[in-house]
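Chemist: Below you will find the structure I want to go over with you.
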Amino acid sequence: MIRGMSAPSFMDLALKTAENAGKSGEVPIGCVIVRGYEVIATASNRTLTDRDPTAHAEILAIRQAADAIGTERLVDCDLYVTLEPCTMCAGAISFARIRRLYYGAADPKGGAVESGVRFFAQPTCHHVPEIYGAVGETEAARLLREFFRERR
């Protein structure tokens, strides 16, 4: 657990985590979960490494945070992720009762917050976090562009 970081630094940590994921061949998406000013979880995509299509950064970080604090309800936690969450991750964020969601780059194809299905706007959504988009957007988008450019 890391203590004493400021809010912009939390997204910087998510970006660094994403960068490291890209270096290992995973899609460069990083996630950090914070309780107060303490980082309680960090994760990056591991779908290839784990051979698990659900091993998205958000899912892995939520599991780690729930384990760290001993409950599945992360009501006083904030989640920072470098890419707009997909439908699966938005659902997990809602079920975990994350207080605030900060995300970097928008994802017009796979995002589900302000793109696509707009999960949190649906009447069947049980919990809606406070949402802050475009936090660290330029750097998050750059990481993704460079990663996919190298693979084409």
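By convention here, the chains of the structure tokens are called A, B, ... in the order presented, each chain's residues are numbered starting at 1, and ligands are numbered starting at 1 in the order presented.
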Can you tell me, as a tab-separated table (two decimals) with all heavy atoms, in the first residue's frame, what residues are no more than 8 Å from segment 110-125 of chain A when counting only C-alpha atoms, ignoring any on the same chain fewer than 3 positions away?

Modeler:
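And here's selection_13.tsv as it stands now:
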```
chain	number	residue	atom	x	y	z
A	84	GLU	N	-11.57	4.11	-20.65
A	84	GLU	CA	-12.98	4.01	-20.28
A	84	GLU	C	-13.36	2.53	-20.10
A	84	GLU	O	-13.13	1.72	-20.98
A	84	GLU	CB	-13.83	4.63	-21.40
A	84	GLU	CG	-15.31	4.55	-21.18
A	84	GLU	CD	-16.12	5.13	-22.33
A	84	GLU	OE1	-15.52	5.60	-23.33
A	84	GLU	OE2	-17.36	5.09	-22.24
A	85	PRO	N	-13.95	2.18	-18.97
A	85	PRO	CA	-14.30	0.78	-18.71
A	85	PRO	C	-15.31	0.21	-19.71
A	85	PRO	O	-16.20	0.91	-20.19
A	85	PRO	CB	-14.90	0.82	-17.31
A	85	PRO	CG	-14.26	2.00	-16.66
A	85	PRO	CD	-14.16	3.01	-17.78
A	86	CYS	N	-15.16	-1.08	-19.98
A	86	CYS	CA	-16.11	-1.83	-20.82
A	86	CYS	C	-17.35	-2.15	-19.97
A	86	CYS	O	-17.40	-1.86	-18.77
A	86	CYS	CB	-15.45	-3.10	-21.34
A	86	CYS	SG	-15.14	-4.35	-20.06
A	87	THR	N	-18.31	-2.81	-20.58
A	87	THR	CA	-19.54	-3.17	-19.88
A	87	THR	C	-19.27	-4.08	-18.68
A	87	THR	O	-19.82	-3.88	-17.60
A	87	THR	CB	-20.53	-3.85	-20.84
A	87	THR	OG1	-20.73	-2.99	-21.97
A	87	THR	CG2	-21.86	-4.11	-20.18
A	90	ALA	N	-17.64	-1.97	-15.96
A	90	ALA	CA	-18.61	-1.02	-15.40
A	90	ALA	C	-19.55	-1.76	-14.44
A	90	ALA	O	-19.87	-1.25	-13.36
A	90	ALA	CB	-19.40	-0.34	-16.51
A	91	GLY	N	-19.96	-2.96	-14.81
A	91	GLY	CA	-20.80	-3.76	-13.92
A	91	GLY	C	-20.10	-4.08	-12.62
A	91	GLY	O	-20.68	-3.97	-11.54
A	94	SER	N	-19.94	-1.05	-10.41
A	94	SER	CA	-21.23	-0.82	-9.77
A	94	SER	C	-21.46	-1.80	-8.63
A	94	SER	O	-21.84	-1.39	-7.52
A	94	SER	CB	-22.35	-0.96	-10.82
A	94	SER	OG	-23.62	-0.79	-10.22
A	106	ALA	N	-11.19	7.93	-23.72
A	106	ALA	CA	-12.50	7.39	-24.07
A	106	ALA	C	-12.28	6.17	-24.97
A	106	ALA	O	-11.26	6.05	-25.64
A	106	ALA	CB	-13.33	8.44	-24.80
A	107	ASP	N	-13.24	5.26	-24.98
A	107	ASP	CA	-13.18	4.07	-25.83
A	107	ASP	C	-14.48	3.97	-26.62
A	107	ASP	O	-15.41	3.29	-26.20
A	107	ASP	CB	-12.96	2.83	-24.98
A	107	ASP	CG	-12.75	1.57	-25.80
A	107	ASP	OD1	-12.78	1.65	-27.05
A	107	ASP	OD2	-12.55	0.51	-25.20
A	128	VAL	N	-24.29	4.02	-9.04
A	128	VAL	CA	-23.59	4.87	-10.00
A	128	VAL	C	-22.51	5.66	-9.25
A	128	VAL	O	-22.83	6.45	-8.35
A	128	VAL	CB	-24.56	5.85	-10.70
A	128	VAL	CG1	-23.81	6.75	-11.67
A	128	VAL	CG2	-25.67	5.09	-11.40
```

Chemist: Could you list, as a PDB file with C-alpha atoms, in the first residue's frame, every residue within 7 Å of Glu137 of chain A, counting only C-alpha atoms and ignoring same-chain residues fewer than 4 positions away?

Modeler:
```pdb
ATOM      1  CA  GLY A 104      -8.281   8.490 -19.046  1.00  0.00           C
ATOM      2  CA  ALA A 105      -8.989   7.869 -22.715  1.00  0.00           C
ATOM      3  CA  ALA A 141      -4.341   7.570 -25.612  1.00  0.00           C
TER       4      ALA A 141
END
```

Chemist: Tell me which protein, DNA and RNA residues are within 7 Å of Ala43 of chain A, counting only C-alpha atoms, leaving out same-chain ones fewer than 5 positions away, and put them as an MDAnalysis selection string.

Modeler: chainID A and resid 17 30:32 57 60:61

Chemist: Tell me, which residues of segment 13-152 of chain A carry DSSP strand (DSSP E or B), written as a PyMOL selection string?

Modeler: chain A and resi 30-35+38-44+77-83+100-105+130-132

Chemist: Which polymer residues have any atom within 10 Å of an atom of Phe10 of chain A, counting only C-alpha atoms, with same-chain residues fewer than 4 positions away left out, as a list in words?

Modeler: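 In the requested form, the answer reads Met5, Ser6, Ala14, Leu15, Lys16, Cys31, Val32, Ile33, Val34, Tyr37, Glu38, Val39, Thr42, Asp78, Leu79, Tyr80, Val81 and Tyr102 of chain A.
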